[in-house]
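Here's the structure, in structure tokens; my notes come after.
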Amino acid sequence: MALVGAGFGAWALYDRLQGNITRDDAVIAELERHEKERPLPSKQGALNILLVGSDTRAGQGNGQYGVARGQRSDTVILLHLAADRRSATAMSIPRDLMVEIPSCRRTDGKSAPARTAQFNYAYSYGGTACTIRTVERLTRIRVDHHMVVDFQGFKRMVDAVDGVRICLKQPMDDKDAHVRLPAGEHTLNGEQSLGFVRARKSLGDGSDTDRMARQQQFLGALVAKVQSNGVLLNPARLYPLLDAATSSLTTDPSIASLVDLYDLVRSMRNIPTKEVRFLTVPREAYAGDPNRDQLVEPAASELFTLLREDEPVRITPRPGDSASPSPSASPTGTGPAAPSAPSAPSGTPGVGSTPVPDPTFSGNSAARSACE
């Protein structure tokens, strides 16, 4: 009888988690309409997952963060998992980056015309499908999977790991972000963490660059917390995290199964924190508007090629980033940093060939603590 009860209990837990996940069939159908224009899938087994943090006010609890102004992508990160699953690179795409947005079908069935606009408009025009197509057009990297998480899902994931440790160099008082903290070390709960990663004008220099660096450092701390606590190997600790993650998760059907999602997460558990890298696509002030961004070339293309070909991405701490109690980074250093050690010479050996340095980008790893 005990075994039967345990079996029913396990089934109930599985059924709950499986039922939490929202399948994004409409997005896949829309992408299939444009399959001919999409980049080819990776042949090496590497995966590229687009993570979208939606600031939607729809859904239980999200309305407290303001009146809905249409759907927007508050955070977009392209996560590249190496084929050998020994490294991961998370590349933030600035919401103010000026890009070519293709003609996209809106939720009302009508089409928004192709245009040059800031990146987060793609989500407003055509939701996740339009964002994926815009990313693929920008990078020529195939997006294999996508996940959309809202405010409530993010908060619950932080609470499921008993908070995340950060350090503040200056006090934080942000009414819009619903958080007020003195300077110093803190272990933030879900509500505080959401305010911390959303805050813009109340921390640092008020730029979106500063906020993205803070988001990346927070996510690195979250990854380190999950690994250090053995969450992925402990079912008692893993269930609350999966429940939190899936409760506000919208994803493509190929990983909408709990088994597939768990297998994906489990394949990442052996990635050392020092090999989980966070960086932002190289960019600079847009020529037409200093409040917008544009790509820095050839740095951006070099980064996209490395990810597309599943080659190692080398990072160096952002200029101004030192081991100090500050989770913020300087708004400079958006392009490659100083070259790393030279790679093998190019050209014909011994005939005037010169070493070609591997490109190195400004960023940080999950092993780098904000409170060192």
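Chain lettering (A, B, ...) mirrors the order of the structure tokens, residue numbering begins at 1 for each chain separately, and ligand numbering begins at 1 in order of display.
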
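The shell of residues at most 12 Å from A:Thr273, with only C-alpha atoms counted and near chain neighbours (fewer than 6 positions) removed, consists of Arg86, Ser87, Ala88, Thr89, Leu219, Gly220, Ala221, Leu222, Val223, Ala224, Lys225, Val226, Gln227, Ser228, Asn364, Ser365, Ala366, Ala367, Arg368 and Ser369 of chain A.
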
Can I get the selected residues back with N, CA and C atoms, as an mmCIF file, in the first residue's frame?
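Once everything was written out, this is part-v8.cif:
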```cif
data_model
loop_
_atom_site.group_PDB
_atom_site.id
_atom_site.type_symbol
_atom_site.label_atom_id
_atom_site.label_comp_id
_atom_site.auth_asym_id
_atom_site.auth_seq_id
_atom_site.Cartn_x
_atom_site.Cartn_y
_atom_site.Cartn_z
ATOM 1 N N ARG A 86 30.431 21.330 -21.917
ATOM 2 C CA ARG A 86 31.437 21.718 -20.938
ATOM 3 C C ARG A 86 31.556 23.227 -20.804
ATOM 4 N N SER A 87 30.770 23.952 -21.565
ATOM 5 C CA SER A 87 30.771 25.408 -21.446
ATOM 6 C C SER A 87 29.438 25.956 -21.932
ATOM 7 N N ALA A 88 29.148 27.165 -21.490
ATOM 8 C CA ALA A 88 27.924 27.852 -21.899
ATOM 9 C C ALA A 88 28.234 29.339 -22.006
ATOM 10 N N THR A 89 27.681 29.980 -23.010
ATOM 11 C CA THR A 89 27.875 31.410 -23.205
ATOM 12 C C THR A 89 26.515 32.083 -23.296
ATOM 13 N N LEU A 219 22.515 36.587 -12.561
ATOM 14 C CA LEU A 219 22.278 35.248 -13.102
ATOM 15 C C LEU A 219 23.466 34.335 -12.826
ATOM 16 N N GLY A 220 24.679 34.896 -12.892
ATOM 17 C CA GLY A 220 25.856 34.104 -12.551
ATOM 18 C C GLY A 220 25.820 33.645 -11.110
ATOM 19 N N ALA A 221 25.391 34.540 -10.209
ATOM 20 C CA ALA A 221 25.277 34.186 -8.792
ATOM 21 C C ALA A 221 24.193 33.127 -8.582
ATOM 22 N N LEU A 222 23.121 33.205 -9.356
ATOM 23 C CA LEU A 222 22.046 32.220 -9.260
ATOM 24 C C LEU A 222 22.534 30.847 -9.726
ATOM 25 N N VAL A 223 23.281 30.814 -10.836
ATOM 26 C CA VAL A 223 23.847 29.554 -11.329
ATOM 27 C C VAL A 223 24.775 28.947 -10.283
ATOM 28 N N ALA A 224 25.647 29.784 -9.714
ATOM 29 C CA ALA A 224 26.589 29.298 -8.703
ATOM 30 C C ALA A 224 25.846 28.762 -7.476
ATOM 31 N N LYS A 225 24.741 29.432 -7.092
ATOM 32 C CA LYS A 225 23.971 28.997 -5.929
ATOM 33 C C LYS A 225 23.344 27.625 -6.189
ATOM 34 N N VAL A 226 22.788 27.442 -7.358
ATOM 35 C CA VAL A 226 22.160 26.168 -7.696
ATOM 36 C C VAL A 226 23.188 25.044 -7.682
ATOM 37 N N GLN A 227 24.358 25.288 -8.260
ATOM 38 C CA GLN A 227 25.382 24.237 -8.314
ATOM 39 C C GLN A 227 25.988 23.959 -6.939
ATOM 40 N N SER A 228 26.236 24.998 -6.166
ATOM 41 C CA SER A 228 26.884 24.803 -4.873
ATOM 42 C C SER A 228 25.991 24.066 -3.892
ATOM 43 N N ASN A 364 32.011 38.387 -17.879
ATOM 44 C CA ASN A 364 32.298 37.756 -16.592
ATOM 45 C C ASN A 364 31.810 36.311 -16.625
ATOM 46 N N SER A 365 32.235 35.531 -15.653
ATOM 47 C CA SER A 365 31.779 34.154 -15.538
ATOM 48 C C SER A 365 30.971 33.990 -14.260
ATOM 49 N N ALA A 366 30.262 32.861 -14.175
ATOM 50 C CA ALA A 366 29.458 32.591 -12.988
ATOM 51 C C ALA A 366 30.341 32.331 -11.765
ATOM 52 N N ALA A 367 31.637 32.089 -11.985
ATOM 53 C CA ALA A 367 32.554 31.844 -10.865
ATOM 54 C C ALA A 367 32.995 33.142 -10.213
ATOM 55 N N ARG A 368 32.724 34.261 -10.856
ATOM 56 C CA ARG A 368 33.160 35.550 -10.331
ATOM 57 C C ARG A 368 32.106 36.102 -9.377
ATOM 58 N N SER A 369 32.451 36.158 -8.107
ATOM 59 C CA SER A 369 31.501 36.600 -7.087
ATOM 60 C C SER A 369 31.382 38.114 -7.078
#
```

**Message:** Please identify the strand (DSSP E or B) residues within stretch 155-333 of chain A (assignment by DSSP from backbone atoms) and present them as a PyMOL selection string.
**Reply:** chain A and resi 164-168+172-174+179-181+184-188+249-251+276-280+283-286+289-295+314-316

**Asked** Rounded to one decimal in Å, what is the spacing between atom CA of A:Gly153 and atom CA of A:Leu51?
**Response**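 Interatomic distance, atom CA of A:Gly153 to atom CA of A:Leu51: 12.9 Å.
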
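Atom CA of A:Phe119 to atom CA of A:Glu30 spans 19.1 Å [interatomic distance, one decimal].
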
**Asked** In Å to one decimal, how far is atom CA of A:Ala83 from atom CA of A:Val259?
**Response** 19.8 Å

**Request:** Considering only C-alpha atoms, return as number ranges by chain whatever protein or nucleic-acid residues lie within 9 Å of A:Arg283, sequence-local ones (same chain, fewer than 3 positions apart) excluded.
**Result:** A: 94, 97, 280, 286, 293-297, 299-300, 334-335

**Prompt:** Of the residues A:Leu249, A:Ala122, A:Leu306, A:Ala26, which is the one nearest to A:Pro359, using only C-alpha atoms?
**Reply:**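 Nearest candidate to A:Pro359 out of A:Leu249, A:Ala122, A:Leu306, A:Ala26: A:Leu306.
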
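Summary of the local environment: counting only C-alpha atoms, residues at most 6 Å from A:Asp159, other than itself and those fewer than 3 positions away along its chain, are Arg156, Asp162, Gly163, Asn189 and Gly190 of chain A.
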
Please produce a file of the residues just selected, as a PDB file, in the first residue's frame, where the atoms kept are N, CA, C and O atoms.
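Okay, this is what ended up in part-v3.pdb:
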```pdb
ATOM      1  N   ARG A 156       9.804  33.246  -8.110  1.00  0.00           N
ATOM      2  CA  ARG A 156       9.653  31.934  -7.479  1.00  0.00           C
ATOM      3  C   ARG A 156      10.914  31.102  -7.601  1.00  0.00           C
ATOM      4  O   ARG A 156      11.241  30.316  -6.701  1.00  0.00           O
ATOM      5  N   ASP A 162      16.285  29.678  -1.912  1.00  0.00           N
ATOM      6  CA  ASP A 162      16.492  30.426  -0.658  1.00  0.00           C
ATOM      7  C   ASP A 162      17.276  31.713  -0.851  1.00  0.00           C
ATOM      8  O   ASP A 162      18.062  32.121   0.012  1.00  0.00           O
ATOM      9  N   GLY A 163      17.070  32.360  -1.980  1.00  0.00           N
ATOM     10  CA  GLY A 163      17.654  33.678  -2.192  1.00  0.00           C
ATOM     11  C   GLY A 163      19.023  33.651  -2.836  1.00  0.00           C
ATOM     12  O   GLY A 163      19.685  32.618  -2.919  1.00  0.00           O
ATOM     13  N   ASN A 189      15.540  37.964  -1.603  1.00  0.00           N
ATOM     14  CA  ASN A 189      14.462  37.038  -1.916  1.00  0.00           C
ATOM     15  C   ASN A 189      13.958  37.333  -3.328  1.00  0.00           C
ATOM     16  O   ASN A 189      14.493  38.197  -4.033  1.00  0.00           O
ATOM     17  N   GLY A 190      12.921  36.627  -3.745  1.00  0.00           N
ATOM     18  CA  GLY A 190      12.439  36.772  -5.109  1.00  0.00           C
ATOM     19  C   GLY A 190      11.984  38.173  -5.451  1.00  0.00           C
ATOM     20  O   GLY A 190      12.341  38.719  -6.508  1.00  0.00           O
TER      21      GLY A 190
END
```

**Asked** If we count only C-alpha atoms, what is near A:Ile315 at a cut-off of 7 Å, once residues fewer than 3 positions away on the same chain are taken out, given as number ranges by chain?
**Response** A: 360-364

Within 9 Å of stretch 231-235 of chain A, counting only C-alpha atoms, which residues show up once you throw out same-chain ones fewer than 6 positions away? Write them as an mmCIF file with N, CA, C and O atoms, in the first residue's frame, please.
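Result saved to selection.cif:
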```cif
data_model
loop_
_atom_site.group_PDB
_atom_site.id
_atom_site.type_symbol
_atom_site.label_atom_id
_atom_site.label_comp_id
_atom_site.auth_asym_id
_atom_site.auth_seq_id
_atom_site.Cartn_x
_atom_site.Cartn_y
_atom_site.Cartn_z
ATOM 1 N N VAL A 161 15.536 28.651 -4.266
ATOM 2 C CA VAL A 161 16.920 28.363 -3.860
ATOM 3 C C VAL A 161 17.303 29.169 -2.617
ATOM 4 O O VAL A 161 18.481 29.332 -2.301
ATOM 5 N N LYS A 225 24.741 29.432 -7.092
ATOM 6 C CA LYS A 225 23.971 28.997 -5.929
ATOM 7 C C LYS A 225 23.344 27.625 -6.189
ATOM 8 O O LYS A 225 23.378 26.732 -5.330
ATOM 9 N N LEU A 241 12.379 24.027 -7.315
ATOM 10 C CA LEU A 241 12.937 24.846 -8.381
ATOM 11 C C LEU A 241 12.229 24.565 -9.707
ATOM 12 O O LEU A 241 11.885 25.489 -10.447
ATOM 13 N N VAL A 265 18.340 20.280 -18.603
ATOM 14 C CA VAL A 265 18.957 20.865 -17.413
ATOM 15 C C VAL A 265 20.050 19.947 -16.879
ATOM 16 O O VAL A 265 21.138 20.400 -16.499
ATOM 17 N N ARG A 266 19.780 18.643 -16.854
ATOM 18 C CA ARG A 266 20.751 17.687 -16.331
ATOM 19 C C ARG A 266 22.027 17.664 -17.168
ATOM 20 O O ARG A 266 23.134 17.483 -16.642
ATOM 21 N N ARG A 269 24.582 20.172 -15.871
ATOM 22 C CA ARG A 269 24.969 20.201 -14.461
ATOM 23 C C ARG A 269 26.470 20.101 -14.244
ATOM 24 O O ARG A 269 26.974 20.501 -13.194
#
```

**Prompt:** Given the choices A:Arg140, A:Ile271, A:Val164, A:Pro113, which gets closest to A:Glu309 if the distance is worked out from only C-alpha atoms?
**Reply:** A:Arg140

**Asked** Quick one: of A:Ile28, A:Leu168, A:Ala177, A:Leu258, who's nearest to A:Cys130, counting only C-alpha atoms?
**Response**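 Nearest to A:Cys130: A:Ile28.
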
**Prompt:** Quick one: of A:Lys169, A:Arg133, A:Arg237, A:Arg85, who's nearest to A:Ser267, counting only C-alpha atoms?
**Reply:**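 Closest to A:Ser267, using only C-alpha atoms: A:Arg85.
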
Please list as a PDB file with N, CA, C and O atoms, in the first residue's frame every residue within 12 Å of A:Thr246, counting only C-alpha atoms and excluding residues in the same chain fewer than 4 positions away.
```
ATOM      1  N   TYR A  14       4.623  14.779 -10.815  1.00  0.00           N
ATOM      2  CA  TYR A  14       4.982  14.867 -12.234  1.00  0.00           C
ATOM      3  C   TYR A  14       3.877  15.572 -13.019  1.00  0.00           C
ATOM      4  O   TYR A  14       4.147  16.445 -13.851  1.00  0.00           O
ATOM      5  N   ASP A  15       2.643  15.181 -12.749  1.00  0.00           N
ATOM      6  CA  ASP A  15       1.513  15.753 -13.468  1.00  0.00           C
ATOM      7  C   ASP A  15       1.414  17.256 -13.233  1.00  0.00           C
ATOM      8  O   ASP A  15       1.112  18.027 -14.147  1.00  0.00           O
ATOM      9  N   ARG A  16       1.704  17.667 -12.002  1.00  0.00           N
ATOM     10  CA  ARG A  16       1.652  19.102 -11.693  1.00  0.00           C
ATOM     11  C   ARG A  16       2.717  19.859 -12.468  1.00  0.00           C
ATOM     12  O   ARG A  16       2.439  20.896 -13.081  1.00  0.00           O
ATOM     13  N   LEU A  17       3.945  19.348 -12.453  1.00  0.00           N
ATOM     14  CA  LEU A  17       5.028  20.021 -13.159  1.00  0.00           C
ATOM     15  C   LEU A  17       4.769  20.052 -14.659  1.00  0.00           C
ATOM     16  O   LEU A  17       4.977  21.068 -15.324  1.00  0.00           O
ATOM     17  N   GLN A  18       4.317  18.922 -15.206  1.00  0.00           N
ATOM     18  CA  GLN A  18       4.029  18.854 -16.629  1.00  0.00           C
ATOM     19  C   GLN A  18       2.926  19.840 -17.003  1.00  0.00           C
ATOM     20  O   GLN A  18       2.994  20.513 -18.029  1.00  0.00           O
ATOM     21  N   GLY A  19       1.915  19.936 -16.121  1.00  0.00           N
ATOM     22  CA  GLY A  19       0.810  20.846 -16.391  1.00  0.00           C
ATOM     23  C   GLY A  19       1.173  22.303 -16.270  1.00  0.00           C
ATOM     24  O   GLY A  19       0.467  23.175 -16.787  1.00  0.00           O
ATOM     25  N   ASN A  20       2.279  22.603 -15.585  1.00  0.00           N
ATOM     26  CA  ASN A  20       2.720  23.990 -15.425  1.00  0.00           C
ATOM     27  C   ASN A  20       3.182  24.604 -16.740  1.00  0.00           C
ATOM     28  O   ASN A  20       3.043  25.800 -16.975  1.00  0.00           O
ATOM     29  N   ILE A  21       3.791  23.777 -17.587  1.00  0.00           N
ATOM     30  CA  ILE A  21       4.463  24.284 -18.787  1.00  0.00           C
ATOM     31  C   ILE A  21       3.443  24.660 -19.860  1.00  0.00           C
ATOM     32  O   ILE A  21       2.536  23.893 -20.167  1.00  0.00           O
ATOM     33  N   THR A  22       3.616  25.851 -20.432  1.00  0.00           N
ATOM     34  CA  THR A  22       2.763  26.294 -21.534  1.00  0.00           C
ATOM     35  C   THR A  22       3.483  26.044 -22.856  1.00  0.00           C
ATOM     36  O   THR A  22       4.595  26.527 -23.070  1.00  0.00           O
ATOM     37  N   ARG A  23       2.866  25.255 -23.736  1.00  0.00           N
ATOM     38  CA  ARG A  23       3.439  24.965 -25.052  1.00  0.00           C
ATOM     39  C   ARG A  23       3.221  26.146 -25.991  1.00  0.00           C
ATOM     40  O   ARG A  23       2.137  26.700 -26.054  1.00  0.00           O
ATOM     41  N   MET A 147      12.527  30.030 -24.439  1.00  0.00           N
ATOM     42  CA  MET A 147      11.814  30.017 -23.167  1.00  0.00           C
ATOM     43  C   MET A 147      11.447  31.449 -22.800  1.00  0.00           C
ATOM     44  O   MET A 147      12.295  32.348 -22.875  1.00  0.00           O
ATOM     45  N   VAL A 148      10.204  31.636 -22.422  1.00  0.00           N
ATOM     46  CA  VAL A 148       9.733  32.953 -21.987  1.00  0.00           C
ATOM     47  C   VAL A 148       9.306  32.838 -20.529  1.00  0.00           C
ATOM     48  O   VAL A 148       8.494  31.984 -20.182  1.00  0.00           O
ATOM     49  N   VAL A 149       9.890  33.685 -19.688  1.00  0.00           N
ATOM     50  CA  VAL A 149       9.586  33.671 -18.254  1.00  0.00           C
ATOM     51  C   VAL A 149       9.077  35.043 -17.846  1.00  0.00           C
ATOM     52  O   VAL A 149       9.653  36.069 -18.238  1.00  0.00           O
ATOM     53  N   ASP A 150       8.008  35.098 -17.048  1.00  0.00           N
ATOM     54  CA  ASP A 150       7.493  36.385 -16.589  1.00  0.00           C
ATOM     55  C   ASP A 150       7.977  36.693 -15.173  1.00  0.00           C
ATOM     56  O   ASP A 150       8.753  35.949 -14.578  1.00  0.00           O
ATOM     57  N   GLN A 152       6.612  36.614 -12.195  1.00  0.00           N
ATOM     58  CA  GLN A 152       6.310  35.683 -11.112  1.00  0.00           C
ATOM     59  C   GLN A 152       7.207  34.447 -11.159  1.00  0.00           C
ATOM     60  O   GLN A 152       7.663  33.946 -10.126  1.00  0.00           O
ATOM     61  N   GLY A 153       7.478  33.958 -12.357  1.00  0.00           N
ATOM     62  CA  GLY A 153       8.350  32.796 -12.489  1.00  0.00           C
ATOM     63  C   GLY A 153       9.753  33.092 -12.001  1.00  0.00           C
ATOM     64  O   GLY A 153      10.377  32.268 -11.318  1.00  0.00           O
ATOM     65  N   PHE A 154      10.252  34.270 -12.333  1.00  0.00           N
ATOM     66  CA  PHE A 154      11.595  34.661 -11.885  1.00  0.00           C
ATOM     67  C   PHE A 154      11.648  34.730 -10.355  1.00  0.00           C
ATOM     68  O   PHE A 154      12.578  34.202  -9.731  1.00  0.00           O
ATOM     69  N   ARG A 156       9.804  33.246  -8.110  1.00  0.00           N
ATOM     70  CA  ARG A 156       9.653  31.934  -7.479  1.00  0.00           C
ATOM     71  C   ARG A 156      10.914  31.102  -7.601  1.00  0.00           C
ATOM     72  O   ARG A 156      11.241  30.316  -6.701  1.00  0.00           O
ATOM     73  N   MET A 157      11.651  31.250  -8.714  1.00  0.00           N
ATOM     74  CA  MET A 157      12.899  30.503  -8.851  1.00  0.00           C
ATOM     75  C   MET A 157      13.923  30.956  -7.819  1.00  0.00           C
ATOM     76  O   MET A 157      14.633  30.141  -7.228  1.00  0.00           O
ATOM     77  N   LEU A 238      15.315  19.922  -5.914  1.00  0.00           N
ATOM     78  CA  LEU A 238      15.080  20.179  -7.325  1.00  0.00           C
ATOM     79  C   LEU A 238      13.601  20.433  -7.609  1.00  0.00           C
ATOM     80  O   LEU A 238      13.258  21.282  -8.434  1.00  0.00           O
ATOM     81  N   TYR A 239      12.706  19.709  -6.909  1.00  0.00           N
ATOM     82  CA  TYR A 239      11.281  19.851  -7.208  1.00  0.00           C
ATOM     83  C   TYR A 239      10.790  21.286  -7.042  1.00  0.00           C
ATOM     84  O   TYR A 239      10.122  21.818  -7.952  1.00  0.00           O
ATOM     85  N   PRO A 240      11.069  21.969  -5.904  1.00  0.00           N
ATOM     86  CA  PRO A 240      10.598  23.355  -5.783  1.00  0.00           C
ATOM     87  C   PRO A 240      11.125  24.265  -6.892  1.00  0.00           C
ATOM     88  O   PRO A 240      10.412  25.155  -7.362  1.00  0.00           O
ATOM     89  N   LEU A 241      12.379  24.027  -7.315  1.00  0.00           N
ATOM     90  CA  LEU A 241      12.937  24.846  -8.381  1.00  0.00           C
ATOM     91  C   LEU A 241      12.229  24.565  -9.707  1.00  0.00           C
ATOM     92  O   LEU A 241      11.885  25.489 -10.447  1.00  0.00           O
ATOM     93  N   LEU A 242      11.992  23.283 -10.014  1.00  0.00           N
ATOM     94  CA  LEU A 242      11.279  22.942 -11.245  1.00  0.00           C
ATOM     95  C   LEU A 242       9.847  23.463 -11.220  1.00  0.00           C
ATOM     96  O   LEU A 242       9.324  23.936 -12.228  1.00  0.00           O
ATOM     97  N   THR A 250       6.846  29.521 -20.756  1.00  0.00           N
ATOM     98  CA  THR A 250       6.280  29.231 -22.065  1.00  0.00           C
ATOM     99  C   THR A 250       7.439  28.827 -22.964  1.00  0.00           C
ATOM    100  O   THR A 250       8.433  29.547 -23.071  1.00  0.00           O
ATOM    101  N   THR A 251       7.329  27.667 -23.597  1.00  0.00           N
ATOM    102  CA  THR A 251       8.453  27.176 -24.382  1.00  0.00           C
ATOM    103  C   THR A 251       7.975  26.413 -25.606  1.00  0.00           C
ATOM    104  O   THR A 251       6.792  26.111 -25.752  1.00  0.00           O
ATOM    105  N   ILE A 255      10.685  20.969 -25.985  1.00  0.00           N
ATOM    106  CA  ILE A 255      11.151  20.849 -24.599  1.00  0.00           C
ATOM    107  C   ILE A 255      10.025  21.174 -23.620  1.00  0.00           C
ATOM    108  O   ILE A 255      10.269  21.462 -22.457  1.00  0.00           O
ATOM    109  N   ALA A 256       8.790  21.125 -24.110  1.00  0.00           N
ATOM    110  CA  ALA A 256       7.650  21.359 -23.231  1.00  0.00           C
ATOM    111  C   ALA A 256       7.344  20.142 -22.372  1.00  0.00           C
ATOM    112  O   ALA A 256       6.589  20.226 -21.412  1.00  0.00           O
ATOM    113  N   SER A 257       7.920  18.999 -22.721  1.00  0.00           N
ATOM    114  CA  SER A 257       7.803  17.810 -21.886  1.00  0.00           C
ATOM    115  C   SER A 257       8.728  17.957 -20.694  1.00  0.00           C
ATOM    116  O   SER A 257       9.885  18.382 -20.830  1.00  0.00           O
ATOM    117  N   LEU A 258       8.245  17.598 -19.515  1.00  0.00           N
ATOM    118  CA  LEU A 258       9.064  17.692 -18.308  1.00  0.00           C
ATOM    119  C   LEU A 258      10.309  16.829 -18.427  1.00  0.00           C
ATOM    120  O   LEU A 258      11.394  17.214 -17.989  1.00  0.00           O
ATOM    121  N   LEU A 261      12.757  18.629 -20.678  1.00  0.00           N
ATOM    122  CA  LEU A 261      13.282  19.801 -19.988  1.00  0.00           C
ATOM    123  C   LEU A 261      14.281  19.389 -18.918  1.00  0.00           C
ATOM    124  O   LEU A 261      15.357  19.996 -18.782  1.00  0.00           O
ATOM    125  N   TYR A 262      13.968  18.336 -18.184  1.00  0.00           N
ATOM    126  CA  TYR A 262      14.880  17.862 -17.149  1.00  0.00           C
ATOM    127  C   TYR A 262      16.172  17.333 -17.764  1.00  0.00           C
ATOM    128  O   TYR A 262      17.265  17.586 -17.250  1.00  0.00           O
TER     129      TYR A 262
END
```

**Request:** Go through A:Val158, A:Ala117, A:Ala245, A:Ala129 one by one, measure the shortest atom-to-atom distance of each to A:Met98 using only C-alpha atoms, and give the residue with the smallest value.
**Result:**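 Of the candidates, the smallest distance to A:Met98 is held by A:Ala117.
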